[in-house]
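Q: This is the structure I have questions about; it appears just below.
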Amino acid sequence: MQADLLIHNIGQLITVAGGGAGPRRGPEMRQLGSVERAAVAMGDGAILAAGPQAKVADAIDATATIDAGGRCVLPGFVDPHTHLPWAGHRAHEFDLRIGGATYMEIMAAGGGIVRTVADTRAASLAQLTRETAERAARMLAHGTTTAEAKTGYGLNVADELKQLRSIAALQREGPLDLAPTFLGAHAVPAEYRGRTDAYVDLVVEEMLPAAWAEWQVLKADFPPGWPIFCDVFCEDGAFDLAQSERILQAARTLGFRLKLHVDEFAPLGGTPLAVRLGATSVDHIVTTPAEHVTLLAGSDTIGVALPGTPFGLAHRDYTPARSLIDQGGAVALATDLNPGTCWCESMQFMIALACRYMKLVPAEAVTAATINAAHAIGLGDRVGSIERGKQADLIVLDTDDYRKIGRASCR
Ligand code: NIG
Ligand code: FE
């Protein structure tokens with residue numbers, strides 16, 4: 001067989017392959033499909049063969065080869081929850097938080113998300129895309145090859161569309177693949193302060209239809225069948241349960257797939273809502289009551305844990321991901337990359353946090369950061385594992401054993 005590229009002399013090939021059509025759940029999350037002394041052949045951007053070196057390398061005539069030198073090869077990381085396109089920074093808020101101010105107090109006082117909204121509105125599309133491209137490049141340098149990217153720092157029709165366009169511009173540039181999410185209900189903008197229902201009217205009646213119409217144009221920059229999501233920040237001080245449901249129902253009617261930020265600070269009951277609406281994922285799930293964790297574990301909705309956020313906020317409580325997996329649930333990991341709670345582009349660091357503070361074993365954390373993360377953004381059939389026919393997104397780690405990812409930093 002003819003191939004464009006052969007990676008050989010792989011000490012440990014972590015395929016995460018053979019899991020079937022959905023995410024890995026419960027004990028399946030420990031199955032990495034590891035092969036020692038392996039090789040992977042690729043052609044036309046897709047994986048042609050992956051497995052024992054003796055089998056793959058002998059059957060392949062490759063134009064180019066890479067000697068992995070006994071290193072560990074993994075699927076590229078998939079980061080299924082990021083707030084990637086924004087302008088500016090909020091470094092001064094870190095000082096305030098160290099001084100004792102809480103994230104929600106800073107937000108209520110006009111800082112937080114709405115501060116970044118002002119900076120993002122003021123930036124041109126070119127400026128926004130330039131600043132965002134720097135972060136995308138750092139994600140790639142840390143091994144992320146596919147990421148979700150949310151809007152939510154525009155909070156009006158024109159600037160939410162500008163964020164969507166900057167996501168599409170970065171998708172055109174490549175090589176990172178981006179799955180867009182409309183998050184017009186990320187916060188109530190200053191001009192609607194105290195009038196949340198009026199802002200929800202704007203989201204439902206104008207922003208969502210405009211975002212959907214824009215997507216009909218922008219999707220030409222993405223592979224056929226690429227998904228787009230709608231998300232809501234369901235939280236005290238943001239959007240309550242009824243407002244979240246109204247927005248998600250309208251989004252689903254238009255054709256968006258659904259996600260929901262829930263239980264980051266206050267448990268409002270967002271998990272049952274997400275499950276009832278058939279959301280692809282429910283994210284944060286930190287203050288989630290035990291019965292909602294059980295409900296989630298028995299559902300098709302993937303729980304996305306964002307351990308960089310409690311770490312970034314110096315909070316003690318993390319997502320009960322151990323319990324979710326032990327009850328048969330599917331867990332994915334993401335950075336939540338944003339300028340407020342967690343400015344971190346590294347999925348390797350998320351794996352390290354997940355092992356320490358959520359008691360995932362490294363195999364579960366790698367599954368959560370690859371195939372389950374891919375399913376959490378509707379791309380589980382294209383990326384997240386190394387198997388024939390999938391997109392050729394692989395990383396060669398500068399280590400001989402994947403378990404060292406959680407122990408120390410790798411490259
Ligand atoms: O997921 N909680 C809402 N959104 C982000 C934070 C965004 C920001 O602070 O700019 C989060 O933590
Ligand atoms: Fe978030």
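Identifiers in the structure tokens: chain A, B, ... in order shown; residue index from 1 per chain; ligand index from 1 in order shown.
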Residues up to 7 Å from ligand 1, counting only C-alpha atoms and all ligand atoms: could you list those as a PyMOL selection string?
A: chain A and resi 112-113+116+186+233+261+264+309+336+338-342
Q: Those selected residues, please, written with all heavy atoms and delivered as a CSV table (one decimal), in the first residue's frame.
A:
chain,number,residue,atom,x,y,z
A,112,GLY,N,-15.0,41.1,35.1
A,112,GLY,CA,-15.3,39.8,34.6
A,112,GLY,C,-15.6,39.7,33.1
A,112,GLY,O,-15.1,40.5,32.3
A,113,ILE,N,-16.6,38.9,32.8
A,113,ILE,CA,-17.0,38.7,31.4
A,113,ILE,C,-17.2,40.0,30.7
A,113,ILE,O,-16.8,40.2,29.5
A,113,ILE,CB,-18.2,37.7,31.3
A,113,ILE,CG1,-17.8,36.3,31.8
A,113,ILE,CG2,-18.7,37.6,29.8
A,113,ILE,CD1,-18.9,35.4,32.0
A,116,THR,N,-14.3,41.9,29.3
A,116,THR,CA,-13.7,41.3,28.1
A,116,THR,C,-14.7,41.6,26.9
A,116,THR,O,-14.2,41.7,25.8
A,116,THR,CB,-13.5,39.8,28.3
A,116,THR,OG1,-12.6,39.6,29.3
A,116,THR,CG2,-13.0,39.1,27.0
A,186,HIS,N,-23.9,34.4,27.5
A,186,HIS,CA,-22.8,34.1,28.4
A,186,HIS,C,-22.9,35.1,29.6
A,186,HIS,O,-22.5,34.7,30.7
A,186,HIS,CB,-21.5,34.4,27.6
A,186,HIS,CG,-20.2,34.0,28.3
A,186,HIS,ND1,-19.0,34.4,27.9
A,186,HIS,CD2,-20.0,33.1,29.3
A,186,HIS,CE1,-18.1,33.9,28.7
A,186,HIS,NE2,-18.7,33.1,29.6
A,233,PHE,N,-24.8,30.1,29.8
A,233,PHE,CA,-24.2,30.1,31.2
A,233,PHE,C,-25.4,30.1,32.2
A,233,PHE,O,-25.9,31.2,32.5
A,233,PHE,CB,-23.3,31.3,31.3
A,233,PHE,CG,-22.5,31.4,32.6
A,233,PHE,CD1,-22.2,30.2,33.4
A,233,PHE,CD2,-22.0,32.6,33.1
A,233,PHE,CE1,-21.5,30.3,34.5
A,233,PHE,CE2,-21.2,32.7,34.2
A,233,PHE,CZ,-21.0,31.5,35.0
A,261,HIS,N,-23.5,25.3,30.3
A,261,HIS,CA,-22.6,25.6,31.5
A,261,HIS,C,-23.5,25.4,32.8
A,261,HIS,O,-24.5,26.2,32.9
A,261,HIS,CB,-22.1,27.0,31.5
A,261,HIS,CG,-20.9,27.3,30.7
A,261,HIS,ND1,-20.9,27.3,29.4
A,261,HIS,CD2,-19.7,27.7,31.1
A,261,HIS,CE1,-19.7,27.7,28.9
A,261,HIS,NE2,-18.9,27.9,30.0
A,264,GLU,N,-21.4,25.6,38.1
A,264,GLU,CA,-20.0,26.0,38.3
A,264,GLU,C,-19.9,26.6,39.7
A,264,GLU,O,-19.0,26.4,40.5
A,264,GLU,CB,-19.6,27.1,37.3
A,264,GLU,CG,-18.2,27.6,37.4
A,264,GLU,CD,-17.7,28.6,36.4
A,264,GLU,OE1,-18.5,28.8,35.4
A,264,GLU,OE2,-16.6,29.0,36.5
A,309,THR,N,-10.5,25.3,36.0
A,309,THR,CA,-11.3,26.4,36.5
A,309,THR,C,-11.3,26.5,38.1
A,309,THR,O,-10.9,27.5,38.6
A,309,THR,CB,-12.7,26.4,36.0
A,309,THR,OG1,-12.6,26.4,34.5
A,309,THR,CG2,-13.6,27.5,36.4
A,336,ASP,N,-11.4,25.0,29.3
A,336,ASP,CA,-12.2,26.1,29.6
A,336,ASP,C,-11.5,27.4,29.3
A,336,ASP,O,-11.8,28.5,29.8
A,336,ASP,CB,-12.7,26.2,31.1
A,336,ASP,CG,-13.9,27.1,31.3
A,336,ASP,OD1,-14.5,27.5,30.3
A,336,ASP,OD2,-14.1,27.5,32.5
A,338,ASN,N,-10.1,30.7,28.9
A,338,ASN,CA,-10.8,32.0,28.9
A,338,ASN,C,-9.9,33.0,29.7
A,338,ASN,O,-9.0,32.6,30.5
A,338,ASN,CB,-12.2,31.8,29.5
A,338,ASN,CG,-12.2,31.6,31.0
A,338,ASN,OD1,-12.0,32.6,31.8
A,338,ASN,ND2,-12.4,30.4,31.5
A,339,PRO,N,-10.2,34.3,29.6
A,339,PRO,CA,-9.4,35.3,30.3
A,339,PRO,C,-9.6,35.5,31.8
A,339,PRO,O,-8.9,36.3,32.4
A,339,PRO,CB,-9.7,36.6,29.5
A,339,PRO,CG,-11.1,36.4,29.0
A,339,PRO,CD,-11.2,34.9,28.7
A,340,GLY,N,-10.7,34.8,32.3
A,340,GLY,CA,-11.0,35.1,33.7
A,340,GLY,C,-10.7,33.9,34.6
A,340,GLY,O,-9.8,34.1,35.5
A,341,THR,N,-11.3,32.8,34.4
A,341,THR,CA,-11.1,31.7,35.4
A,341,THR,C,-9.9,30.8,35.1
A,341,THR,O,-9.4,30.2,36.0
A,341,THR,CB,-12.4,30.9,35.5
A,341,THR,OG1,-12.7,30.3,34.2
A,341,THR,CG2,-13.6,31.7,36.0
A,342,CYS,N,-9.6,30.6,33.8
A,342,CYS,CA,-8.5,29.7,33.5
A,342,CYS,C,-7.9,30.0,32.1
A,342,CYS,O,-8.4,29.6,31.1
A,342,CYS,CB,-9.1,28.3,33.4
A,342,CYS,SG,-7.8,27.1,33.0
Q: Grab me every residue within 12 Å of ligand 2, counting only C-alpha atoms and all ligand atoms, and send it over as number ranges by chain.
A: A: 79-84, 113, 148-153, 181, 183, 185-187, 231-235, 259-264, 282-285, 304-310, 334-343
Q: Which of segment 18-109 of chain A counts as helix (DSSP H, G or I) under DSSP, as a CSV table (one decimal) with N, CA, C and O atoms, in the first residue's frame please?
A:
chain,number,residue,atom,x,y,z
A,26,GLY,N,-17.8,4.5,31.9
A,26,GLY,CA,-17.4,3.7,33.0
A,26,GLY,C,-16.1,3.0,32.8
A,26,GLY,O,-15.1,3.7,32.5
A,27,PRO,N,-16.0,1.7,33.1
A,27,PRO,CA,-14.7,1.0,33.0
A,27,PRO,C,-14.1,1.0,31.6
A,27,PRO,O,-12.9,0.8,31.5
A,28,GLU,N,-14.9,1.3,30.6
A,28,GLU,CA,-14.3,1.3,29.2
A,28,GLU,C,-13.3,2.5,29.1
A,28,GLU,O,-12.4,2.5,28.2
A,29,MET,N,-13.4,3.4,30.0
A,29,MET,CA,-12.5,4.6,29.9
A,29,MET,C,-11.1,4.2,30.2
A,29,MET,O,-10.2,5.0,30.0
A,30,ARG,N,-10.8,3.0,30.8
A,30,ARG,CA,-9.5,2.6,31.0
A,30,ARG,C,-8.8,1.9,29.8
A,30,ARG,O,-7.7,1.5,29.9
A,53,GLN,N,4.5,-2.8,14.5
A,53,GLN,CA,5.4,-2.3,13.4
A,53,GLN,C,5.6,-3.4,12.3
A,53,GLN,O,5.6,-3.1,11.2
A,54,ALA,N,5.8,-4.6,12.8
A,54,ALA,CA,6.0,-5.7,11.8
A,54,ALA,C,4.9,-5.8,10.8
A,54,ALA,O,5.2,-6.0,9.6
A,55,LYS,N,3.7,-5.6,11.2
A,55,LYS,CA,2.6,-5.7,10.3
A,55,LYS,C,2.4,-4.5,9.4
A,55,LYS,O,2.3,-4.6,8.2
A,56,VAL,N,2.5,-3.3,10.0
A,56,VAL,CA,2.2,-2.1,9.3
A,56,VAL,C,3.3,-1.7,8.4
A,56,VAL,O,3.1,-1.5,7.1
A,57,ALA,N,4.5,-1.6,8.9
A,57,ALA,CA,5.7,-1.1,8.1
A,57,ALA,C,6.0,-2.0,6.9
A,57,ALA,O,6.3,-1.5,5.8
A,58,ASP,N,5.8,-3.3,7.1
A,58,ASP,CA,6.2,-4.2,5.9
A,58,ASP,C,5.2,-4.0,4.8
A,58,ASP,O,5.6,-4.2,3.6
A,59,ALA,N,3.9,-3.7,5.1
A,59,ALA,CA,2.9,-3.6,4.1
A,59,ALA,C,2.8,-2.3,3.4
A,59,ALA,O,2.0,-2.0,2.5
A,91,ALA,N,-5.7,40.7,33.8
A,91,ALA,CA,-4.7,40.3,34.8
A,91,ALA,C,-4.9,41.0,36.1
A,91,ALA,O,-4.7,40.4,37.2
A,92,HIS,N,-5.5,42.2,36.1
A,92,HIS,CA,-5.7,42.9,37.4
A,92,HIS,C,-6.7,42.2,38.3
A,92,HIS,O,-6.7,42.3,39.5
A,93,GLU,N,-7.6,41.5,37.6
A,93,GLU,CA,-8.6,40.8,38.4
A,93,GLU,C,-8.0,39.7,39.3
A,93,GLU,O,-8.6,39.3,40.3
A,94,PHE,N,-6.9,39.2,38.8
A,94,PHE,CA,-6.2,38.1,39.6
A,94,PHE,C,-5.7,38.7,41.0
A,94,PHE,O,-5.9,38.1,42.0
A,95,ASP,N,-5.2,39.9,40.9
A,95,ASP,CA,-4.9,40.6,42.2
A,95,ASP,C,-6.1,40.8,43.1
A,95,ASP,O,-6.0,40.5,44.3
A,96,LEU,N,-7.2,41.2,42.5
A,96,LEU,CA,-8.5,41.4,43.3
A,96,LEU,C,-8.9,40.0,43.9
A,96,LEU,O,-9.3,40.0,45.1
A,97,ARG,N,-8.8,39.0,43.2
A,97,ARG,CA,-9.2,37.7,43.7
A,97,ARG,C,-8.3,37.2,44.8
A,97,ARG,O,-8.7,36.7,45.8
A,98,ILE,N,-7.0,37.5,44.6
A,98,ILE,CA,-6.0,37.1,45.7
A,98,ILE,C,-6.4,37.9,47.0
A,98,ILE,O,-6.3,37.4,48.1
A,103,TYR,N,-15.1,35.6,42.1
A,103,TYR,CA,-15.3,35.8,40.7
A,103,TYR,C,-16.7,36.5,40.4
A,103,TYR,O,-16.8,37.4,39.6
A,104,MET,N,-17.7,36.0,41.1
A,104,MET,CA,-19.1,36.5,40.8
A,104,MET,C,-19.2,38.0,41.4
A,104,MET,O,-20.0,38.8,40.8
A,105,GLU,N,-18.5,38.3,42.5
A,105,GLU,CA,-18.5,39.7,43.0
A,105,GLU,C,-17.9,40.6,41.9
A,105,GLU,O,-18.4,41.7,41.7
A,106,ILE,N,-16.8,40.2,41.4
A,106,ILE,CA,-16.1,41.0,40.3
A,106,ILE,C,-17.0,41.2,39.1
A,106,ILE,O,-17.1,42.3,38.6
A,107,MET,N,-17.7,40.1,38.8
A,107,MET,CA,-18.6,40.2,37.6
A,107,MET,C,-19.8,41.2,38.0
A,107,MET,O,-20.2,42.0,37.1
A,108,ALA,N,-20.3,41.1,39.2
A,108,ALA,CA,-21.5,41.9,39.6
A,108,ALA,C,-21.1,43.4,39.6
A,108,ALA,O,-21.9,44.3,39.4
Q: Could you give me, as an MDAnalysis selection string, the residues within 6 Å of segment 203-210 of chain A, counting only C-alpha atoms and dropping anything in the same chain fewer than 2 positions from it?
A: chainID A and resid 157 200:201 212:213 247
Q: What parts of segment 41-271 of chain A does DSSP call strand (DSSP E)? I'd like the answer as a PyMOL selection string.
A: chain A and resi 41-43+46-52+61-67+72-75+77-79+144-150+177-185+229-232+257-262
Q: Write a file of the selected residues as a CSV table (one decimal), in the first residue's frame, keeping N, CA and C atoms.
A:
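Now in part.csv:
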chain,number,residue,atom,x,y,z
A,41,ALA,N,0.6,4.5,9.4
A,41,ALA,CA,0.7,5.0,8.0
A,41,ALA,C,-0.4,5.9,7.7
A,42,MET,N,-0.1,7.0,7.0
A,42,MET,CA,-1.1,8.0,6.7
A,42,MET,C,-1.1,8.4,5.2
A,43,GLY,N,-2.2,8.7,4.6
A,43,GLY,CA,-2.3,9.2,3.3
A,43,GLY,C,-3.5,10.1,3.1
A,46,ALA,N,-5.5,11.1,6.1
A,46,ALA,CA,-6.2,10.1,6.9
A,46,ALA,C,-5.3,9.0,7.3
A,47,ILE,N,-5.7,8.3,8.3
A,47,ILE,CA,-4.9,7.1,8.8
A,47,ILE,C,-5.3,5.9,7.9
A,48,LEU,N,-4.2,5.3,7.4
A,48,LEU,CA,-4.4,4.1,6.5
A,48,LEU,C,-4.3,2.8,7.3
A,49,ALA,N,-3.3,2.8,8.3
A,49,ALA,CA,-3.1,1.6,9.1
A,49,ALA,C,-2.4,2.0,10.3
A,50,ALA,N,-2.7,1.3,11.4
A,50,ALA,CA,-2.0,1.6,12.7
A,50,ALA,C,-2.0,0.3,13.5
A,51,GLY,N,-0.8,-0.1,14.0
A,51,GLY,CA,-0.7,-1.3,14.7
A,51,GLY,C,0.8,-1.7,14.9
A,52,PRO,N,1.0,-3.1,15.1
A,52,PRO,CA,2.4,-3.5,15.4
A,52,PRO,C,3.2,-3.2,14.2
A,61,ASP,N,4.5,1.3,1.5
A,61,ASP,CA,5.5,2.0,0.8
A,61,ASP,C,5.3,3.4,1.0
A,62,ALA,N,6.1,4.1,1.8
A,62,ALA,CA,5.8,5.5,2.2
A,62,ALA,C,6.7,6.5,1.5
A,63,THR,N,6.2,7.6,1.2
A,63,THR,CA,7.0,8.7,0.5
A,63,THR,C,7.9,9.3,1.6
A,64,ALA,N,7.4,9.5,2.8
A,64,ALA,CA,8.2,10.1,3.9
A,64,ALA,C,8.1,9.2,5.1
A,65,THR,N,9.1,9.2,6.0
A,65,THR,CA,9.1,8.5,7.2
A,65,THR,C,9.5,9.3,8.4
A,66,ILE,N,9.0,9.0,9.5
A,66,ILE,CA,9.5,9.7,10.8
A,66,ILE,C,9.8,8.6,11.7
A,67,ASP,N,11.0,8.6,12.3
A,67,ASP,CA,11.4,7.6,13.3
A,67,ASP,C,11.1,8.2,14.7
A,72,CYS,N,6.3,7.8,22.7
A,72,CYS,CA,4.8,7.5,22.8
A,72,CYS,C,4.1,8.3,21.8
A,73,VAL,N,3.2,7.7,21.1
A,73,VAL,CA,2.3,8.4,20.1
A,73,VAL,C,0.8,8.3,20.6
A,74,LEU,N,0.2,9.5,20.6
A,74,LEU,CA,-1.2,9.5,21.0
A,74,LEU,C,-2.1,10.2,19.9
A,75,PRO,N,-3.4,10.0,20.0
A,75,PRO,CA,-4.2,10.9,19.1
A,75,PRO,C,-4.0,12.4,19.6
A,77,PHE,N,-4.8,15.8,21.1
A,77,PHE,CA,-5.8,16.1,22.1
A,77,PHE,C,-7.0,16.9,21.5
A,78,VAL,N,-8.2,16.7,22.0
A,78,VAL,CA,-9.4,17.4,21.6
A,78,VAL,C,-9.8,18.2,22.8
A,79,ASP,N,-9.9,19.5,22.7
A,79,ASP,CA,-10.3,20.4,23.8
A,79,ASP,C,-11.7,20.8,23.6
A,144,THR,N,-2.9,20.0,21.2
A,144,THR,CA,-4.3,20.0,20.9
A,144,THR,C,-4.4,20.2,19.4
A,145,THR,N,-5.2,19.3,18.7
A,145,THR,CA,-5.4,19.4,17.3
A,145,THR,C,-6.8,19.7,16.9
A,146,THR,N,-7.8,19.6,17.8
A,146,THR,CA,-9.1,20.0,17.6
A,146,THR,C,-9.7,20.7,18.8
A,147,ALA,N,-10.4,21.7,18.7
A,147,ALA,CA,-10.9,22.4,19.8
A,147,ALA,C,-12.3,23.0,19.5
A,148,GLU,N,-13.1,23.1,20.6
A,148,GLU,CA,-14.4,23.8,20.5
A,148,GLU,C,-14.0,25.3,20.7
A,149,ALA,N,-14.8,26.2,20.2
A,149,ALA,CA,-14.5,27.7,20.4
A,149,ALA,C,-15.8,28.4,20.5
A,150,LYS,N,-16.0,29.0,21.7
A,150,LYS,CA,-17.3,29.7,21.9
A,150,LYS,C,-17.3,31.2,21.6
A,177,ASP,N,-8.4,22.3,14.1
A,177,ASP,CA,-9.8,22.3,13.7
A,177,ASP,C,-10.6,22.9,14.8
A,178,LEU,N,-11.6,23.7,14.5
A,178,LEU,CA,-12.4,24.4,15.5
A,178,LEU,C,-13.9,24.0,15.3
A,179,ALA,N,-14.5,23.7,16.4
A,179,ALA,CA,-16.0,23.4,16.4
A,179,ALA,C,-16.6,24.7,17.0
A,180,PRO,N,-17.4,25.4,16.3
A,180,PRO,CA,-18.0,26.7,16.8
A,180,PRO,C,-19.2,26.5,17.7
A,181,THR,N,-19.3,27.3,18.7
A,181,THR,CA,-20.4,27.3,19.6
A,181,THR,C,-20.9,28.8,19.8
A,182,PHE,N,-22.2,29.0,19.6
A,182,PHE,CA,-22.8,30.3,19.9
A,182,PHE,C,-23.1,30.4,21.4
A,183,LEU,N,-22.5,31.4,22.1
A,183,LEU,CA,-22.8,31.5,23.5
A,183,LEU,C,-23.2,33.0,23.7
A,184,GLY,N,-24.2,33.4,23.0
A,184,GLY,CA,-24.8,34.8,23.2
A,184,GLY,C,-25.3,35.0,24.6
A,185,ALA,N,-25.7,33.9,25.2
A,185,ALA,CA,-26.2,34.0,26.6
A,185,ALA,C,-25.0,33.6,27.6
A,229,PHE,N,-22.8,24.4,17.8
A,229,PHE,CA,-23.5,24.2,19.0
A,229,PHE,C,-24.1,25.6,19.5
A,230,CYS,N,-25.1,25.5,20.5
A,230,CYS,CA,-25.5,26.6,21.3
A,230,CYS,C,-25.3,26.3,22.7
A,231,ASP,N,-24.8,27.2,23.5
A,231,ASP,CA,-24.5,27.0,24.9
A,231,ASP,C,-25.1,28.2,25.7
A,232,VAL,N,-25.3,28.0,27.0
A,232,VAL,CA,-25.9,29.1,27.9
A,232,VAL,C,-25.1,29.0,29.2
A,257,ARG,N,-26.9,22.1,17.8
A,257,ARG,CA,-26.7,21.1,18.9
A,257,ARG,C,-26.5,21.8,20.2
A,258,LEU,N,-26.7,21.1,21.3
A,258,LEU,CA,-26.8,21.8,22.6
A,258,LEU,C,-25.7,21.5,23.6
A,259,LYS,N,-25.3,22.5,24.3
A,259,LYS,CA,-24.3,22.4,25.5
A,259,LYS,C,-24.9,23.2,26.6
A,260,LEU,N,-24.4,23.1,27.8
A,260,LEU,CA,-24.9,23.9,28.9
A,260,LEU,C,-23.8,24.0,29.9
A,261,HIS,N,-23.5,25.3,30.3
A,261,HIS,CA,-22.6,25.6,31.5
A,261,HIS,C,-23.5,25.4,32.8
A,262,VAL,N,-23.3,24.5,33.6
A,262,VAL,CA,-24.1,24.3,34.8
A,262,VAL,C,-23.3,24.1,36.1
Q: Taking only C-alpha atoms into account, produce a table as a Markdown table in which each residue of segment 121-177 of chain A with an atom at most 12 Å from an atom of segment 345-360 of chain A appears once, together with its shortest atom pair and the distance in Å to one decimal, ordered by chain and rising number.
A:
| residue | atom | partner | partner_atom | distance |
| --- | --- | --- | --- | --- |
| A:Thr132 | CA | A:Glu345 | CA | 11.6 |
| A:Glu134 | CA | A:Glu345 | CA | 10.5 |
| A:Arg135 | CA | A:Glu345 | CA | 7.0 |
| A:Ala136 | CA | A:Glu345 | CA | 8.1 |
| A:Ala137 | CA | A:Glu345 | CA | 9.3 |
| A:Arg138 | CA | A:Glu345 | CA | 6.3 |
| A:Met139 | CA | A:Glu345 | CA | 4.9 |
| A:Leu140 | CA | A:Glu345 | CA | 8.6 |
| A:Ala141 | CA | A:Ser346 | CA | 8.7 |
| A:His142 | CA | A:Ser346 | CA | 5.4 |
| A:Gly143 | CA | A:Met347 | CA | 7.5 |
| A:Thr144 | CA | A:Met347 | CA | 7.0 |
| A:Thr145 | CA | A:Met347 | CA | 10.6 |
| A:Thr146 | CA | A:Met347 | CA | 11.3 |
| A:Ala147 | CA | A:Glu345 | CA | 10.4 |
Q: Store the residues of this selection in a file with N, CA, C and O atoms, as a short mmCIF file (atom, residue, chain, number, x, y, z; two decimals), in the first residue's frame.
A:
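Saved to selection_13.cif:
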data_model
loop_
_atom_site.label_atom_id
_atom_site.label_comp_id
_atom_site.auth_asym_id
_atom_site.auth_seq_id
_atom_site.Cartn_x
_atom_site.Cartn_y
_atom_site.Cartn_z
N THR A 132 -6.37 35.88 18.88
CA THR A 132 -6.87 34.51 19.07
C THR A 132 -5.91 33.50 18.44
O THR A 132 -5.70 32.41 18.99
N GLU A 134 -2.76 33.56 18.34
CA GLU A 134 -1.62 33.29 19.23
C GLU A 134 -1.97 32.18 20.21
O GLU A 134 -1.16 31.30 20.52
N ARG A 135 -3.21 32.22 20.72
CA ARG A 135 -3.63 31.16 21.65
C ARG A 135 -3.79 29.83 20.92
O ARG A 135 -3.42 28.78 21.44
N ALA A 136 -4.34 29.90 19.70
CA ALA A 136 -4.53 28.66 18.93
C ALA A 136 -3.17 28.01 18.67
O ALA A 136 -3.02 26.79 18.75
N ALA A 137 -2.16 28.83 18.41
CA ALA A 137 -0.82 28.27 18.15
C ALA A 137 -0.26 27.61 19.42
O ALA A 137 0.39 26.57 19.36
N ARG A 138 -0.54 28.22 20.58
CA ARG A 138 -0.07 27.61 21.83
C ARG A 138 -0.82 26.31 22.12
O ARG A 138 -0.22 25.35 22.63
N MET A 139 -2.10 26.25 21.78
CA MET A 139 -2.84 25.00 21.97
C MET A 139 -2.19 23.88 21.16
O MET A 139 -1.96 22.78 21.66
N LEU A 140 -1.89 24.21 19.91
CA LEU A 140 -1.28 23.22 19.03
C LEU A 140 0.09 22.79 19.58
O LEU A 140 0.42 21.60 19.59
N ALA A 141 0.85 23.75 20.08
CA ALA A 141 2.17 23.43 20.63
C ALA A 141 2.06 22.48 21.82
O ALA A 141 2.97 21.70 22.10
N HIS A 142 0.94 22.54 22.53
CA HIS A 142 0.71 21.64 23.68
C HIS A 142 0.03 20.35 23.26
O HIS A 142 -0.35 19.55 24.11
N GLY A 143 -0.20 20.15 21.96
CA GLY A 143 -0.72 18.86 21.49
C GLY A 143 -2.20 18.82 21.17
O GLY A 143 -2.73 17.76 20.86
N THR A 144 -2.88 19.96 21.22
CA THR A 144 -4.31 19.98 20.86
C THR A 144 -4.44 20.17 19.36
O THR A 144 -3.87 21.10 18.79
N THR A 145 -5.21 19.27 18.72
CA THR A 145 -5.37 19.36 17.27
C THR A 145 -6.80 19.72 16.87
O THR A 145 -7.05 20.09 15.73
N THR A 146 -7.75 19.57 17.80
CA THR A 146 -9.14 19.98 17.56
C THR A 146 -9.66 20.65 18.82
O THR A 146 -9.39 20.17 19.93
N ALA A 147 -10.39 21.75 18.66
CA ALA A 147 -10.93 22.43 19.84
C ALA A 147 -12.30 23.01 19.54
O ALA A 147 -12.58 23.41 18.41
#
Q: Extract, using only C-alpha atoms, all DNA, RNA and protein residues at most 9 Å from Asp326 of chain A, discarding same-chain residues fewer than 2 positions from it, and format them as a list in words.
A: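 Here the answer would be Gly26, Pro27, Ala297, Ala321, Arg322, Ser323, Leu324, Gly328 and Gly329 of chain A.
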Q: Next, dump the selected residues to file, keeping only all heavy atoms, as a compact mmCIF listing (two decimals), in the first residue's frame.
A:
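Final output, out_30.txt:
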# COMPACT_ATOMS: atom_id res chain seq x y z
N GLY A 26 -17.81 4.54 31.91
CA GLY A 26 -17.44 3.71 33.05
C GLY A 26 -16.09 3.03 32.85
O GLY A 26 -15.11 3.66 32.46
N PRO A 27 -16.03 1.69 33.07
CA PRO A 27 -14.75 0.97 33.00
C PRO A 27 -14.10 0.99 31.61
O PRO A 27 -12.90 0.81 31.49
CB PRO A 27 -15.11 -0.47 33.41
CG PRO A 27 -16.60 -0.55 33.41
CD PRO A 27 -17.13 0.83 33.53
N ALA A 297 -25.04 10.14 34.69
CA ALA A 297 -24.30 8.90 34.41
C ALA A 297 -25.14 7.92 33.57
O ALA A 297 -24.61 7.18 32.76
CB ALA A 297 -23.86 8.23 35.71
N ALA A 321 -16.04 13.66 38.98
CA ALA A 321 -15.86 12.82 37.78
C ALA A 321 -15.64 11.35 38.15
O ALA A 321 -16.07 10.45 37.42
CB ALA A 321 -14.68 13.33 36.96
N ARG A 322 -15.00 11.12 39.31
CA ARG A 322 -14.78 9.73 39.75
C ARG A 322 -16.13 9.03 39.92
O ARG A 322 -16.34 7.91 39.46
CB ARG A 322 -13.98 9.77 41.06
CG ARG A 322 -13.62 8.46 41.73
CD ARG A 322 -12.53 7.67 41.02
NE ARG A 322 -13.09 6.75 40.04
CZ ARG A 322 -12.52 6.43 38.89
NH1 ARG A 322 -11.36 6.92 38.53
NH2 ARG A 322 -13.09 5.62 38.06
N SER A 323 -17.03 9.72 40.60
CA SER A 323 -18.35 9.15 40.86
C SER A 323 -19.13 8.96 39.55
O SER A 323 -19.80 7.94 39.34
CB SER A 323 -19.10 10.08 41.82
OG SER A 323 -20.45 9.79 41.85
N LEU A 324 -19.01 9.92 38.66
CA LEU A 324 -19.69 9.83 37.36
C LEU A 324 -19.21 8.60 36.59
O LEU A 324 -20.03 7.83 36.04
CB LEU A 324 -19.39 11.13 36.59
CG LEU A 324 -20.24 11.55 35.41
CD1 LEU A 324 -21.73 11.40 35.66
CD2 LEU A 324 -19.91 13.00 35.06
N GLY A 328 -20.94 4.60 35.64
CA GLY A 328 -21.13 4.22 34.23
C GLY A 328 -21.25 5.40 33.27
O GLY A 328 -21.62 5.22 32.11
N GLY A 329 -20.93 6.60 33.73
CA GLY A 329 -21.05 7.78 32.87
C GLY A 329 -19.87 7.96 31.93
O GLY A 329 -18.85 7.26 32.03
